[in-house]
Amino acid sequence: ATQSSFILFMPFSFITTSQMPLELLRGWYKTAVICNPVTYVLEAIRALTTTGWNGSVIFHGFLAAALAGCCTISWVVWAFRKSYP
């Protein structure tokens with residue numbers, strides 16, 4: 001399961017603000033970056049390592065990670081219950 005998550009994480013990691021600030025993005029790409037939970041996690045890590053303790057950014061990063069974790073874990077539990085009656 002961990003190795004197969006790489007297939008999902010790699011495209012999500014490229015559609016973030018890791019290469020260009022959000023203010024410079026336009027169109028559908030900006031919308032995709034805003035909807036991507038990995039963006040908020042990377043922004044939180046960036047805030048911790050470069051600008052200091054920005055509570056709002058760090059909170060949004062933890063919230064995005066928690067929501068993504070809840071969604072994926074729920075999906076896995078559903079899939080296991082479906083496959084093993």
# chains A, B, ... in the order shown; residues from 1 in each chain; ligands from 1
$ residues_around --residues "Pro37 of chain A" --least-positions-apart "6" --cutoff "9 Å" --atoms "only C-alpha atoms" --output "list of chain:residue names"
A:Phe12, A:Thr16, A:Gly61, A:Ala64, A:Ala65, A:Leu67, A:Ala68
$ residues_around --residues "Pro11 of chain A" --least-positions-apart "6" --cutoff "12 Å" --atoms "only C-alpha atoms" --output "MDAnalysis selection string"
chainID A and resid 5 32:33 36 38:39
$ write_last_selection --atoms "N, CA and C atoms" --output "PDB file, in the first residue's frame"
ATOM      1  N   SER A   5       1.050   4.221  -3.008  1.00  0.00           N
ATOM      2  CA  SER A   5       0.674   5.618  -2.753  1.00  0.00           C
ATOM      3  C   SER A   5       1.605   6.583  -3.476  1.00  0.00           C
ATOM      4  N   ALA A  32      -6.003  24.254  -9.293  1.00  0.00           N
ATOM      5  CA  ALA A  32      -5.539  22.929  -8.887  1.00  0.00           C
ATOM      6  C   ALA A  32      -4.601  23.008  -7.694  1.00  0.00           C
ATOM      7  N   VAL A  33      -3.739  24.018  -7.668  1.00  0.00           N
ATOM      8  CA  VAL A  33      -2.815  24.193  -6.547  1.00  0.00           C
ATOM      9  C   VAL A  33      -3.574  24.529  -5.272  1.00  0.00           C
ATOM     10  N   ASN A  36      -5.232  21.383  -3.836  1.00  0.00           N
ATOM     11  CA  ASN A  36      -4.313  20.307  -3.508  1.00  0.00           C
ATOM     12  C   ASN A  36      -3.915  20.375  -2.028  1.00  0.00           C
ATOM     13  N   VAL A  38      -1.535  18.834  -0.503  1.00  0.00           N
ATOM     14  CA  VAL A  38      -0.080  18.802  -0.354  1.00  0.00           C
ATOM     15  C   VAL A  38       0.486  20.220  -0.341  1.00  0.00           C
ATOM     16  N   THR A  39      -0.161  21.152  -1.033  1.00  0.00           N
ATOM     17  CA  THR A  39       0.272  22.545  -1.034  1.00  0.00           C
ATOM     18  C   THR A  39       0.329  23.102   0.380  1.00  0.00           C
TER      19      THR A  39
END
$ select_by_dssp --residues "chain A" --states "alpha helix (DSSP H)" --output "PyMOL selection string"
chain A and resi 2-14+27-35+37-46+55-83
$ closest_residue --among "A:Ile58, A:Leu63, A:Val76, A:Leu42" --to "Gln19 of chain A" --atoms "only C-alpha atoms"
A:Leu42
$ atom_distance --atom1 "atom CA of Pro21 of chain A" --atom2 "atom CA of Phe62 of chain A"
20.2 Å
$ residues_around --residues "Ala47 of chain A" --least-positions-apart "6" --cutoff "10 Å" --atoms "only C-alpha atoms" --output "mmCIF file with all heavy atoms, in the first residue's frame"
data_model
loop_
_atom_site.group_PDB
_atom_site.id
_atom_site.type_symbol
_atom_site.label_atom_id
_atom_site.label_comp_id
_atom_site.auth_asym_id
_atom_site.auth_seq_id
_atom_site.Cartn_x
_atom_site.Cartn_y
_atom_site.Cartn_z
ATOM 1 N N VAL A 41 0.498 21.440 3.252
ATOM 2 C CA VAL A 41 1.509 20.756 4.049
ATOM 3 C C VAL A 41 2.890 21.318 3.740
ATOM 4 O O VAL A 41 3.686 21.600 4.646
ATOM 5 C CB VAL A 41 1.457 19.231 3.809
ATOM 6 C CG1 VAL A 41 2.582 18.526 4.520
ATOM 7 C CG2 VAL A 41 0.107 18.670 4.227
ATOM 8 N N TRP A 53 7.484 30.490 13.207
ATOM 9 C CA TRP A 53 6.218 29.889 13.623
ATOM 10 C C TRP A 53 5.050 30.767 13.216
ATOM 11 O O TRP A 53 4.634 31.635 13.977
ATOM 12 C CB TRP A 53 6.212 29.676 15.126
ATOM 13 C CG TRP A 53 7.151 28.613 15.543
ATOM 14 C CD1 TRP A 53 8.476 28.765 15.831
ATOM 15 C CD2 TRP A 53 6.869 27.237 15.673
ATOM 16 N NE1 TRP A 53 9.029 27.564 16.138
ATOM 17 C CE2 TRP A 53 8.062 26.598 16.054
ATOM 18 C CE3 TRP A 53 5.723 26.473 15.505
ATOM 19 C CZ2 TRP A 53 8.135 25.232 16.276
ATOM 20 C CZ3 TRP A 53 5.806 25.115 15.729
ATOM 21 C CH2 TRP A 53 6.995 24.510 16.108
ATOM 22 N N ASN A 54 4.545 30.545 12.021
ATOM 23 C CA ASN A 54 3.335 31.224 11.554
ATOM 24 C C ASN A 54 2.162 30.292 11.857
ATOM 25 O O ASN A 54 1.929 29.317 11.148
ATOM 26 C CB ASN A 54 3.437 31.529 10.066
ATOM 27 C CG ASN A 54 2.288 32.353 9.556
ATOM 28 O OD1 ASN A 54 1.268 32.500 10.226
ATOM 29 N ND2 ASN A 54 2.449 32.895 8.382
ATOM 30 N N GLY A 55 1.424 30.603 12.923
ATOM 31 C CA GLY A 55 0.389 29.702 13.419
ATOM 32 C C GLY A 55 -0.688 29.363 12.417
ATOM 33 O O GLY A 55 -1.133 28.222 12.326
ATOM 34 N N SER A 56 -1.117 30.335 11.624
ATOM 35 C CA SER A 56 -2.184 30.103 10.655
ATOM 36 C C SER A 56 -1.747 29.124 9.564
ATOM 37 O O SER A 56 -2.482 28.197 9.217
ATOM 38 C CB SER A 56 -2.616 31.430 10.033
ATOM 39 O OG SER A 56 -3.542 31.222 9.010
ATOM 40 N N VAL A 57 -0.567 29.325 9.036
ATOM 41 C CA VAL A 57 -0.059 28.455 7.966
ATOM 42 C C VAL A 57 0.171 27.044 8.497
ATOM 43 O O VAL A 57 -0.185 26.060 7.838
ATOM 44 C CB VAL A 57 1.240 29.039 7.367
ATOM 45 C CG1 VAL A 57 1.872 28.089 6.383
ATOM 46 C CG2 VAL A 57 0.971 30.374 6.713
ATOM 47 N N ILE A 58 0.726 26.931 9.691
ATOM 48 C CA ILE A 58 0.989 25.617 10.275
ATOM 49 C C ILE A 58 -0.328 24.903 10.586
ATOM 50 O O ILE A 58 -0.464 23.704 10.336
ATOM 51 C CB ILE A 58 1.867 25.761 11.528
ATOM 52 C CG1 ILE A 58 3.250 26.290 11.117
ATOM 53 C CG2 ILE A 58 2.003 24.442 12.270
ATOM 54 C CD1 ILE A 58 4.119 26.707 12.268
ATOM 55 N N GLY A 61 -1.737 23.539 7.403
ATOM 56 C CA GLY A 61 -0.977 22.360 6.988
ATOM 57 C C GLY A 61 -1.369 21.114 7.749
ATOM 58 O O GLY A 61 -1.576 20.048 7.167
#
$ closest_residue --among "A:Lys82, A:Met20, A:Leu25, A:Phe59" --to "Ile45 of chain A" --atoms "only C-alpha atoms"
A:Phe59
